[in-house]
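Pasted below: entry00.cif, mmCIF, C-alpha atoms.
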```cif
data_upload
#
loop_
_atom_site.group_PDB
_atom_site.id
_atom_site.type_symbol
_atom_site.label_atom_id
_atom_site.label_comp_id
_atom_site.auth_asym_id
_atom_site.auth_seq_id
_atom_site.Cartn_x
_atom_site.Cartn_y
_atom_site.Cartn_z
ATOM 1 C CA MET C 1 26.184 -84.485 -9.136
ATOM 2 C CA LEU C 2 26.900 -80.993 -7.862
ATOM 3 C CA SER C 3 26.703 -80.209 -4.168
ATOM 4 C CA ASN C 4 23.561 -78.394 -3.064
ATOM 5 C CA ASP C 5 25.322 -75.202 -2.021
ATOM 6 C CA ILE C 6 26.928 -74.888 -5.472
ATOM 7 C CA ILE C 7 23.561 -75.388 -7.165
ATOM 8 C CA GLU C 8 22.136 -72.665 -4.891
ATOM 9 C CA LEU C 9 24.994 -70.266 -5.717
ATOM 10 C CA ALA C 10 24.466 -70.889 -9.437
ATOM 11 C CA SER C 11 20.778 -70.184 -9.013
ATOM 12 C CA LEU C 12 21.433 -66.861 -7.224
ATOM 13 C CA LEU C 13 23.936 -65.941 -9.945
ATOM 14 C CA GLY C 14 21.292 -66.660 -12.566
ATOM 15 C CA ASP C 15 18.814 -64.355 -10.813
ATOM 16 C CA LYS C 16 21.366 -61.551 -10.700
ATOM 17 C CA LEU C 17 22.429 -61.918 -14.337
ATOM 18 C CA CYS C 18 18.843 -62.192 -15.499
ATOM 19 C CA ALA C 19 17.912 -58.975 -13.680
ATOM 20 C CA LYS C 20 20.806 -57.132 -15.379
ATOM 21 C CA GLY C 21 20.143 -58.694 -18.791
ATOM 22 C CA TRP C 22 23.771 -59.837 -18.835
ATOM 23 C CA THR C 23 25.410 -63.093 -19.919
ATOM 24 C CA VAL C 24 28.323 -64.932 -18.332
ATOM 25 C CA THR C 25 31.016 -67.058 -19.913
ATOM 26 C CA THR C 26 33.892 -69.169 -18.593
ATOM 27 C CA ALA C 27 37.414 -70.170 -19.603
ATOM 28 C CA GLU C 28 38.438 -73.108 -17.463
ATOM 29 C CA SER C 29 41.665 -74.962 -17.063
ATOM 30 C CA CYS C 30 41.911 -76.911 -13.771
ATOM 31 C CA THR C 31 38.127 -77.162 -13.304
ATOM 32 C CA GLY C 32 37.725 -78.598 -16.808
ATOM 33 C CA GLY C 33 34.195 -77.290 -17.370
ATOM 34 C CA GLY C 34 32.877 -77.591 -13.820
ATOM 35 C CA ILE C 35 32.001 -73.906 -13.476
ATOM 36 C CA ALA C 36 29.967 -73.957 -16.697
ATOM 37 C CA TYR C 37 28.371 -77.229 -15.554
ATOM 38 C CA ALA C 38 27.350 -75.515 -12.309
ATOM 39 C CA ILE C 39 26.017 -72.392 -14.038
ATOM 40 C CA THR C 40 23.835 -74.497 -16.339
ATOM 41 C CA SER C 41 22.434 -76.547 -13.452
ATOM 42 C CA ARG C 42 19.719 -73.901 -13.229
ATOM 43 C CA SER C 43 16.787 -74.310 -15.574
ATOM 44 C CA GLY C 44 16.454 -71.322 -17.899
ATOM 45 C CA SER C 45 20.205 -70.637 -17.865
ATOM 46 C CA SER C 46 20.182 -70.163 -21.638
ATOM 47 C CA GLN C 47 18.991 -66.638 -20.807
ATOM 48 C CA TRP C 48 22.354 -65.754 -19.210
ATOM 49 C CA PHE C 49 24.785 -68.345 -20.583
ATOM 50 C CA ARG C 50 25.561 -68.994 -24.244
ATOM 51 C CA GLN C 51 29.001 -70.562 -24.556
ATOM 52 C CA ALA C 52 32.253 -71.375 -22.781
ATOM 53 C CA PHE C 53 35.725 -72.791 -23.370
ATOM 54 C CA VAL C 54 37.627 -75.489 -21.581
ATOM 55 C CA THR C 55 41.272 -74.642 -22.292
ATOM 56 C CA TYR C 56 43.279 -77.344 -20.589
ATOM 57 C CA SER C 57 46.436 -77.208 -22.706
ATOM 58 C CA ASN C 58 48.700 -74.230 -23.355
ATOM 59 C CA ASP C 59 47.932 -74.532 -27.080
ATOM 60 C CA ALA C 60 44.217 -74.153 -26.342
ATOM 61 C CA LYS C 61 44.876 -71.081 -24.200
ATOM 62 C CA GLN C 62 46.859 -69.590 -27.090
ATOM 63 C CA ASN C 63 44.559 -70.565 -29.946
ATOM 64 C CA LEU C 64 41.167 -69.947 -28.368
ATOM 65 C CA LEU C 65 41.939 -67.117 -25.950
ATOM 66 C CA SER C 66 44.984 -65.374 -27.460
ATOM 67 C CA VAL C 67 47.190 -65.944 -24.418
ATOM 68 C CA SER C 68 50.666 -65.244 -25.826
ATOM 69 C CA PRO C 69 53.416 -67.887 -25.844
ATOM 70 C CA HIS C 70 55.572 -65.236 -24.142
ATOM 71 C CA ILE C 71 53.219 -65.017 -21.162
ATOM 72 C CA LEU C 72 52.966 -68.797 -20.841
ATOM 73 C CA GLN C 73 56.738 -69.196 -21.057
ATOM 74 C CA THR C 74 57.603 -66.327 -18.720
ATOM 75 C CA HIS C 75 54.856 -66.593 -16.090
ATOM 76 C CA GLY C 76 53.425 -70.083 -16.610
ATOM 77 C CA ALA C 77 49.858 -71.234 -17.188
ATOM 78 C CA VAL C 78 49.018 -70.815 -13.506
ATOM 79 C CA SER C 79 49.603 -67.072 -13.235
ATOM 80 C CA LYS C 80 47.951 -63.687 -12.944
ATOM 81 C CA HIS C 81 48.997 -62.767 -16.481
ATOM 82 C CA THR C 82 47.519 -65.935 -17.988
ATOM 83 C CA VAL C 83 44.108 -65.635 -16.315
ATOM 84 C CA GLU C 84 43.937 -61.947 -17.269
ATOM 85 C CA LYS C 85 44.276 -62.866 -20.927
ATOM 86 C CA MET C 86 42.001 -65.884 -20.565
ATOM 87 C CA VAL C 87 39.107 -63.904 -19.142
ATOM 88 C CA SER C 88 39.400 -60.972 -21.533
ATOM 89 C CA GLY C 89 39.702 -63.434 -24.426
ATOM 90 C CA VAL C 90 36.661 -65.450 -23.473
ATOM 91 C CA CYS C 91 34.468 -62.404 -22.814
ATOM 92 C CA GLN C 92 35.364 -61.110 -26.257
ATOM 93 C CA ALA C 93 34.722 -64.474 -27.919
ATOM 94 C CA ALA C 94 31.339 -64.871 -26.226
ATOM 95 C CA ASN C 95 30.424 -61.173 -26.338
ATOM 96 C CA ALA C 96 29.602 -61.519 -22.639
ATOM 97 C CA GLU C 97 29.439 -58.819 -19.978
ATOM 98 C CA VAL C 98 30.669 -61.203 -17.280
ATOM 99 C CA GLY C 99 33.439 -63.789 -17.395
ATOM 100 C CA VAL C 100 35.541 -65.946 -15.153
ATOM 101 C CA ALA C 101 38.782 -67.750 -15.961
ATOM 102 C CA VAL C 102 40.600 -70.230 -13.742
ATOM 103 C CA SER C 103 44.013 -71.846 -13.952
ATOM 104 C CA GLY C 104 45.418 -73.822 -11.066
ATOM 105 C CA VAL C 105 47.262 -76.832 -9.754
ATOM 106 C CA ALA C 106 44.549 -79.341 -8.842
ATOM 107 C CA GLY C 107 47.095 -82.057 -8.020
ATOM 108 C CA PRO C 108 48.167 -84.499 -6.894
ATOM 109 C CA ASP C 109 51.016 -83.866 -9.371
ATOM 110 C CA GLY C 110 52.254 -80.598 -10.864
ATOM 111 C CA GLY C 111 52.955 -78.659 -7.674
ATOM 112 C CA SER C 112 56.152 -76.693 -7.006
ATOM 113 C CA ASP C 113 57.576 -74.599 -4.148
ATOM 114 C CA ASP C 114 56.352 -71.516 -5.926
ATOM 115 C CA LYS C 115 52.950 -72.930 -6.913
ATOM 116 C CA PRO C 116 52.013 -75.775 -4.581
ATOM 117 C CA VAL C 117 49.056 -78.084 -5.214
ATOM 118 C CA GLY C 118 45.887 -76.105 -4.438
ATOM 119 C CA THR C 119 47.137 -72.828 -5.953
ATOM 120 C CA VAL C 120 44.481 -71.345 -8.242
ATOM 121 C CA TRP C 121 44.524 -68.044 -10.120
ATOM 122 C CA PHE C 122 41.149 -66.484 -10.965
ATOM 123 C CA GLY C 123 40.410 -63.792 -13.537
ATOM 124 C CA PHE C 124 37.070 -61.981 -13.390
ATOM 125 C CA GLN C 125 35.653 -59.497 -15.851
ATOM 126 C CA VAL C 126 32.462 -57.609 -15.113
ATOM 127 C CA ASP C 127 31.191 -54.955 -17.522
ATOM 128 C CA GLY C 128 34.707 -54.178 -18.749
ATOM 129 C CA THR C 129 36.461 -54.219 -15.355
ATOM 130 C CA LEU C 130 39.044 -56.967 -14.947
ATOM 131 C CA THR C 131 40.359 -58.242 -11.610
ATOM 132 C CA THR C 132 42.554 -61.196 -10.637
ATOM 133 C CA LEU C 133 42.887 -63.146 -7.425
ATOM 134 C CA LYS C 134 45.044 -65.988 -6.183
ATOM 135 C CA GLN C 135 43.681 -68.546 -3.760
ATOM 136 C CA HIS C 136 45.055 -71.644 -2.099
ATOM 137 C CA PHE C 137 42.717 -74.537 -1.404
ATOM 138 C CA ASP C 138 43.434 -77.554 0.790
ATOM 139 C CA GLY C 139 42.438 -81.134 0.105
ATOM 140 C CA ASP C 140 42.654 -83.622 -2.731
ATOM 141 C CA ARG C 141 42.101 -83.012 -6.446
ATOM 142 C CA HIS C 142 38.315 -83.280 -6.179
ATOM 143 C CA LEU C 143 38.158 -80.873 -3.236
ATOM 144 C CA VAL C 144 40.474 -78.341 -4.882
ATOM 145 C CA ARG C 145 38.290 -78.363 -8.001
ATOM 146 C CA GLU C 146 35.064 -78.114 -6.016
ATOM 147 C CA GLN C 147 36.354 -75.213 -3.922
ATOM 148 C CA THR C 148 37.481 -73.473 -7.116
ATOM 149 C CA ILE C 149 33.969 -73.737 -8.576
ATOM 150 C CA ARG C 150 32.411 -72.489 -5.323
ATOM 151 C CA PHE C 151 34.817 -69.557 -5.023
ATOM 152 C CA ALA C 152 34.239 -68.531 -8.647
ATOM 153 C CA LEU C 153 30.470 -68.409 -8.163
ATOM 154 C CA GLN C 154 30.679 -66.670 -4.774
ATOM 155 C CA HIS C 155 33.031 -64.018 -6.114
ATOM 156 C CA LEU C 156 30.920 -63.403 -9.207
ATOM 157 C CA LEU C 157 27.913 -62.902 -6.931
ATOM 158 C CA SER C 158 29.839 -60.389 -4.843
ATOM 159 C CA VAL C 159 31.111 -58.285 -7.765
ATOM 160 C CA ILE C 160 28.089 -58.131 -10.068
ATOM 161 C CA PRO C 161 26.135 -55.008 -9.135
ATOM 162 C CA SER C 162 22.445 -55.359 -8.358
ATOM 163 C CA MET N 1 30.466 -83.503 -6.721
ATOM 164 C CA LEU N 2 30.794 -86.158 -9.399
ATOM 165 C CA SER N 3 29.496 -89.568 -8.451
ATOM 166 C CA ASN N 4 32.072 -92.278 -7.879
ATOM 167 C CA ASP N 5 30.996 -94.416 -10.806
ATOM 168 C CA ILE N 6 31.429 -91.470 -13.184
ATOM 169 C CA ILE N 7 34.908 -90.775 -11.804
ATOM 170 C CA GLU N 8 35.714 -94.470 -12.326
ATOM 171 C CA LEU N 9 34.432 -94.410 -15.930
ATOM 172 C CA ALA N 10 36.518 -91.297 -16.638
ATOM 173 C CA SER N 11 39.556 -93.039 -15.211
ATOM 174 C CA LEU N 12 39.042 -96.121 -17.406
ATOM 175 C CA LEU N 13 38.564 -93.844 -20.416
ATOM 176 C CA GLY N 14 41.847 -92.127 -19.592
ATOM 177 C CA ASP N 15 43.666 -95.460 -19.480
ATOM 178 C CA LYS N 16 42.257 -96.424 -22.863
ATOM 179 C CA LEU N 17 43.072 -93.107 -24.546
ATOM 180 C CA CYS N 18 46.539 -93.014 -23.012
ATOM 181 C CA ALA N 19 47.302 -96.502 -24.346
ATOM 182 C CA LYS N 20 46.245 -95.430 -27.858
ATOM 183 C CA GLY N 21 48.031 -92.069 -27.663
ATOM 184 C CA TRP N 22 44.725 -90.403 -28.567
ATOM 185 C CA THR N 23 43.029 -87.278 -27.271
ATOM 186 C CA VAL N 24 39.327 -86.677 -26.644
ATOM 187 C CA THR N 25 37.281 -83.515 -26.922
ATOM 188 C CA THR N 26 33.682 -82.564 -26.170
ATOM 189 C CA ALA N 27 30.980 -80.249 -27.508
ATOM 190 C CA GLU N 28 28.280 -79.987 -24.881
ATOM 191 C CA SER N 29 24.899 -78.362 -24.866
ATOM 192 C CA CYS N 30 22.569 -79.759 -22.179
ATOM 193 C CA THR N 31 25.402 -81.027 -19.927
ATOM 194 C CA GLY N 32 27.038 -77.591 -19.992
ATOM 195 C CA GLY N 33 30.599 -78.846 -19.524
ATOM 196 C CA GLY N 34 29.868 -81.796 -17.247
ATOM 197 C CA ILE N 35 31.436 -84.391 -19.555
ATOM 198 C CA ALA N 36 34.682 -82.415 -19.775
ATOM 199 C CA TYR N 37 34.551 -81.899 -16.015
ATOM 200 C CA ALA N 38 34.267 -85.666 -15.571
ATOM 201 C CA ILE N 39 37.082 -86.462 -18.023
ATOM 202 C CA THR N 40 39.431 -84.072 -16.206
ATOM 203 C CA SER N 41 38.604 -85.538 -12.798
ATOM 204 C CA ARG N 42 41.458 -87.947 -13.431
ATOM 205 C CA SER N 43 44.947 -86.704 -12.596
ATOM 206 C CA GLY N 44 47.168 -86.668 -15.680
ATOM 207 C CA SER N 45 44.261 -86.048 -18.021
ATOM 208 C CA SER N 46 46.240 -83.378 -19.876
ATOM 209 C CA GLN N 47 47.793 -86.347 -21.695
ATOM 210 C CA TRP N 48 44.467 -87.160 -23.399
ATOM 211 C CA PHE N 49 42.419 -83.977 -23.114
ATOM 212 C CA ARG N 50 43.389 -80.526 -24.423
ATOM 213 C CA GLN N 51 40.260 -78.462 -25.032
ATOM 214 C CA ALA N 52 36.484 -78.502 -25.293
ATOM 215 C CA PHE N 53 33.513 -76.297 -26.104
ATOM 216 C CA VAL N 54 30.306 -75.659 -24.240
ATOM 217 C CA THR N 55 27.883 -74.573 -26.954
ATOM 218 C CA TYR N 56 24.658 -73.818 -25.167
ATOM 219 C CA SER N 57 23.106 -71.382 -27.646
ATOM 220 C CA ASN N 58 22.373 -71.925 -31.322
ATOM 221 C CA ASP N 59 24.750 -69.074 -32.183
ATOM 222 C CA ALA N 60 27.573 -70.869 -30.367
ATOM 223 C CA LYS N 61 26.807 -74.102 -32.248
ATOM 224 C CA GLN N 62 26.991 -72.149 -35.509
ATOM 225 C CA ASN N 63 30.030 -70.007 -34.748
ATOM 226 C CA LEU N 64 32.237 -72.510 -32.956
ATOM 227 C CA LEU N 65 31.177 -75.782 -34.584
ATOM 228 C CA SER N 66 29.873 -74.753 -38.013
ATOM 229 C CA VAL N 67 26.410 -76.204 -37.458
ATOM 230 C CA SER N 68 24.415 -74.555 -40.244
ATOM 231 C CA PRO N 69 21.436 -72.294 -39.555
ATOM 232 C CA HIS N 70 19.531 -74.521 -42.015
ATOM 233 C CA ILE N 71 20.090 -77.612 -39.861
ATOM 234 C CA LEU N 72 19.112 -75.778 -36.672
ATOM 235 C CA GLN N 73 15.988 -74.365 -38.302
ATOM 236 C CA THR N 74 14.904 -77.562 -40.042
ATOM 237 C CA HIS N 75 15.806 -80.209 -37.456
ATOM 238 C CA GLY N 76 16.291 -78.224 -34.241
ATOM 239 C CA ALA N 77 19.215 -78.120 -31.828
ATOM 240 C CA VAL N 78 18.208 -81.476 -30.310
ATOM 241 C CA SER N 79 18.629 -83.616 -33.403
ATOM 242 C CA LYS N 80 20.770 -86.204 -35.112
ATOM 243 C CA HIS N 81 21.899 -83.674 -37.729
ATOM 244 C CA THR N 82 22.987 -81.127 -35.133
ATOM 245 C CA VAL N 83 25.086 -83.525 -33.031
ATOM 246 C CA GLU N 84 26.699 -84.913 -36.194
ATOM 247 C CA LYS N 85 27.954 -81.460 -37.088
ATOM 248 C CA MET N 86 28.828 -80.663 -33.474
ATOM 249 C CA VAL N 87 31.067 -83.676 -33.040
ATOM 250 C CA SER N 88 32.812 -83.397 -36.398
ATOM 251 C CA GLY N 89 33.302 -79.662 -35.771
ATOM 252 C CA VAL N 90 34.800 -80.091 -32.331
ATOM 253 C CA CYS N 91 37.127 -82.936 -33.382
ATOM 254 C CA GLN N 92 38.423 -80.734 -36.171
ATOM 255 C CA ALA N 93 38.847 -77.707 -33.878
ATOM 256 C CA ALA N 94 40.714 -79.736 -31.263
ATOM 257 C CA ASN N 95 42.528 -81.985 -33.735
ATOM 258 C CA ALA N 96 41.313 -84.901 -31.613
ATOM 259 C CA GLU N 97 40.889 -88.553 -32.584
ATOM 260 C CA VAL N 98 37.882 -88.967 -30.274
ATOM 261 C CA GLY N 99 34.938 -86.663 -29.668
ATOM 262 C CA VAL N 100 31.505 -86.613 -28.150
ATOM 263 C CA ALA N 101 28.730 -84.066 -28.648
ATOM 264 C CA VAL N 102 25.462 -83.898 -26.736
ATOM 265 C CA SER N 103 22.295 -81.911 -27.228
ATOM 266 C CA GLY N 104 19.180 -82.658 -25.245
ATOM 267 C CA VAL N 105 16.188 -81.466 -23.294
ATOM 268 C CA ALA N 106 17.282 -81.500 -19.641
ATOM 269 C CA GLY N 107 14.044 -79.922 -18.493
ATOM 270 C CA PRO N 108 11.932 -79.115 -16.646
ATOM 271 C CA ASP N 109 10.960 -76.780 -19.513
ATOM 272 C CA GLY N 110 11.550 -77.107 -23.236
ATOM 273 C CA GLY N 111 9.949 -80.490 -23.843
ATOM 274 C CA SER N 112 7.542 -81.247 -26.684
ATOM 275 C CA ASP N 113 5.536 -84.248 -27.897
ATOM 276 C CA ASP N 114 8.265 -84.918 -30.408
ATOM 277 C CA LYS N 115 11.172 -84.309 -28.000
ATOM 278 C CA PRO N 116 10.012 -84.796 -24.411
ATOM 279 C CA VAL N 117 12.139 -83.806 -21.413
ATOM 280 C CA GLY N 118 14.924 -86.384 -21.094
ATOM 281 C CA THR N 119 15.536 -86.711 -24.845
ATOM 282 C CA VAL N 120 19.257 -86.503 -25.605
ATOM 283 C CA TRP N 121 21.047 -86.882 -28.930
ATOM 284 C CA PHE N 122 24.674 -88.039 -28.840
ATOM 285 C CA GLY N 123 27.279 -87.741 -31.569
ATOM 286 C CA PHE N 124 30.460 -89.818 -31.293
ATOM 287 C CA GLN N 125 33.521 -89.673 -33.495
ATOM 288 C CA VAL N 126 36.335 -92.194 -33.125
ATOM 289 C CA ASP N 127 39.298 -92.147 -35.488
ATOM 290 C CA GLY N 128 37.185 -90.673 -38.289
ATOM 291 C CA THR N 129 34.060 -92.805 -37.797
ATOM 292 C CA LEU N 130 30.969 -90.876 -36.772
ATOM 293 C CA THR N 131 27.907 -92.404 -35.116
ATOM 294 C CA THR N 132 24.809 -90.894 -33.514
ATOM 295 C CA LEU N 133 22.408 -92.205 -30.896
ATOM 296 C CA LYS N 134 19.232 -90.981 -29.254
ATOM 297 C CA GLN N 135 18.478 -91.797 -25.643
ATOM 298 C CA HIS N 136 15.679 -90.959 -23.249
ATOM 299 C CA PHE N 137 16.482 -90.508 -19.583
ATOM 300 C CA ASP N 138 13.993 -90.320 -16.718
ATOM 301 C CA GLY N 139 14.157 -88.029 -13.724
ATOM 302 C CA ASP N 140 14.683 -84.356 -12.994
ATOM 303 C CA ARG N 141 17.123 -81.948 -14.669
ATOM 304 C CA HIS N 142 20.057 -83.047 -12.495
ATOM 305 C CA LEU N 143 19.418 -86.741 -13.134
ATOM 306 C CA VAL N 144 19.007 -86.266 -16.882
ATOM 307 C CA ARG N 145 22.322 -84.411 -17.033
ATOM 308 C CA GLU N 146 24.103 -86.976 -14.861
ATOM 309 C CA GLN N 147 22.799 -89.900 -16.925
ATOM 310 C CA THR N 148 23.909 -88.084 -20.069
ATOM 311 C CA ILE N 149 27.464 -87.750 -18.721
ATOM 312 C CA ARG N 150 27.502 -91.418 -17.665
ATOM 313 C CA PHE N 151 26.169 -92.658 -21.001
ATOM 314 C CA ALA N 152 28.704 -90.570 -22.941
ATOM 315 C CA LEU N 153 31.614 -92.035 -21.001
ATOM 316 C CA GLN N 154 30.263 -95.604 -21.128
ATOM 317 C CA HIS N 155 29.687 -95.418 -24.862
ATOM 318 C CA LEU N 156 33.121 -93.937 -25.545
ATOM 319 C CA LEU N 157 34.636 -96.811 -23.556
ATOM 320 C CA SER N 158 32.708 -99.319 -25.639
ATOM 321 C CA VAL N 159 33.661 -97.895 -29.054
ATOM 322 C CA ILE N 160 37.337 -97.008 -28.588
ATOM 323 C CA PRO N 161 39.339 -100.030 -29.709
ATOM 324 C CA SER N 162 41.913 -101.455 -27.316
#
```
Give the structure from the file, written as structure tokens.
Amino acid sequence: MLSNDIIELASLLGDKLCAKGWTVTTAESCTGGGIAYAITSRSGSSQWFRQAFVTYSNDAKQNLLSVSPHILQTHGAVSKHTVEKMVSGVCQAANAEVGVAVSGVAGPDGGSDDKPVGTVWFGFQVDGTLTTLKQHFDGDRHLVREQTIRFALQHLLSVIPS
Amino acid sequence: MLSNDIIELASLLGDKLCAKGWTVTTAESCTGGGIAYAITSRSGSSQWFRQAFVTYSNDAKQNLLSVSPHILQTHGAVSKHTVEKMVSGVCQAANAEVGVAVSGVAGPDGGSDDKPVGTVWFGFQVDGTLTTLKQHFDGDRHLVREQTIRFALQHLLSVIPS
């Protein structure tokens, strides 16, 4: 199940999107669909959510979201450049006003000095304006993924105008 | 977040797919990404999971999975015919040996005499063989979605050969 605070955040996000007449979409790597799962926990979410991609592999990021092989090779999948392309790609594919993309190191493997376990890059697009953010979350794989979902919803709530 | 038994099922599924050298993909409507979220709860899941679609709207089912408008109009989104097309479409898109598609009425709204709340159609494809199943789950929206995720994983485990 989803934790109660995440369900509440998703519900508030639904209210805000519904009031604007906007839809949201997601392109998820490390969370593997968890943000979309949270968004659709609210009954009636078909009004503000139509589709989303889980792009776990680099090939999926390239083929579905037009992230270039050059970006993936030069900056890596967990990078500002990758989430920028992911979120713009998914908003275009879904024709959505609002999007969020995440790519991170959920662990326990895959960490490096540069990008330790818990590093997550977020891309947000709201009505044409794109921003990126890097966060570091503590805890095991499940906690890193849960905190990533929570942060994505909280940040969307803070940047969507009323 | 995810219940322990679902995490355990996803882990067993990973072992089975890894041993076969197969990958799995998902096309989710009512679960909104929850099956993919469960599959990727296991560390190392990039070995058997590359991409997935959340197709919540009819347009998404048409555009991403080639479900025909005729099928959606004649049989509805929650139908054997729709999940058949969803699962074959997503396996083709992901070039995956194993796929699962779900479309159901999670509630509390959207039920009918014919398709009451808790009705879920599943499409499974394993190494080219496609099967469909209808289930009815009791409980609220969260419970219906959780039981759908659990059933999908359990059934995949039962039909993937060792």
Practice task
Up to 8 Å from (32.1, -86.3, -27.8) in the file's coordinates: name the residues, counting all atoms listed in the file, as number ranges by chain.
Solution key: N: 24-28, 87, 98-102, 122-125, 152
Practice task
Using the chain letters and residue numbers of this document, give as a ChimeraX atom specification the residues selected by the PyMOL selection byres ((chain N and resi 104-118) around 10).
Solution key: /C:41-44 /N:28-31,77-79,83,102-103,119-122,134-148
Practice task
I need the residue set behind the PyMOL selection byres ((chain C and resi 91-93) around 12) for this file; please write it as a ChimeraX atom specification.
Solution key: /C:22-27,49-53,63-66,84-90,94-101,123-130 /N:59-60,63-64
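The nearest approach to Gly34 of chain N among the residues N:Lys16, N:His81, N:His155, N:Arg150, with all atoms listed in the file taken into account, belongs to N:Arg150.
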Problem - d(atom CA of Thr82 of chain C, atom CA of Ala36 of chain C) in Å - result: 19.3 Å
Problem - Ala38 of chain N surroundings by all atoms listed in the file, 9 Å radius, close-in-sequence under 3 positions cut, as a ChimeraX atom specification - result: /C:32-34 /N:2,6-7,9-10,33-35,41-42,149,153
Fill in the blank from the handout: If you count all atoms listed in the file, the residue of C:Lys80, C:Lys61, C:His75, C:His70 closest to chain N turns out to be C:Lys61
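With distances taken over only C-alpha atoms, C:Ser57 is the one residue among C:Ser57, C:Ala19, C:Ile39, C:Asn4 lying closest to chain N.
The coordinates place atom CA of Val67 of chain N at 29.5 Å from atom CA of Leu13 of chain C.
Interatomic distance, atom CA of Thr132 of chain N to atom CA of Pro69 of chain N: 19.8 Å.
In terms of minimum interatomic distance to chain C, N:Val54 ranks closest within N:Val54, N:Thr131, N:Asp5, N:Ser45, counting all atoms listed in the file.
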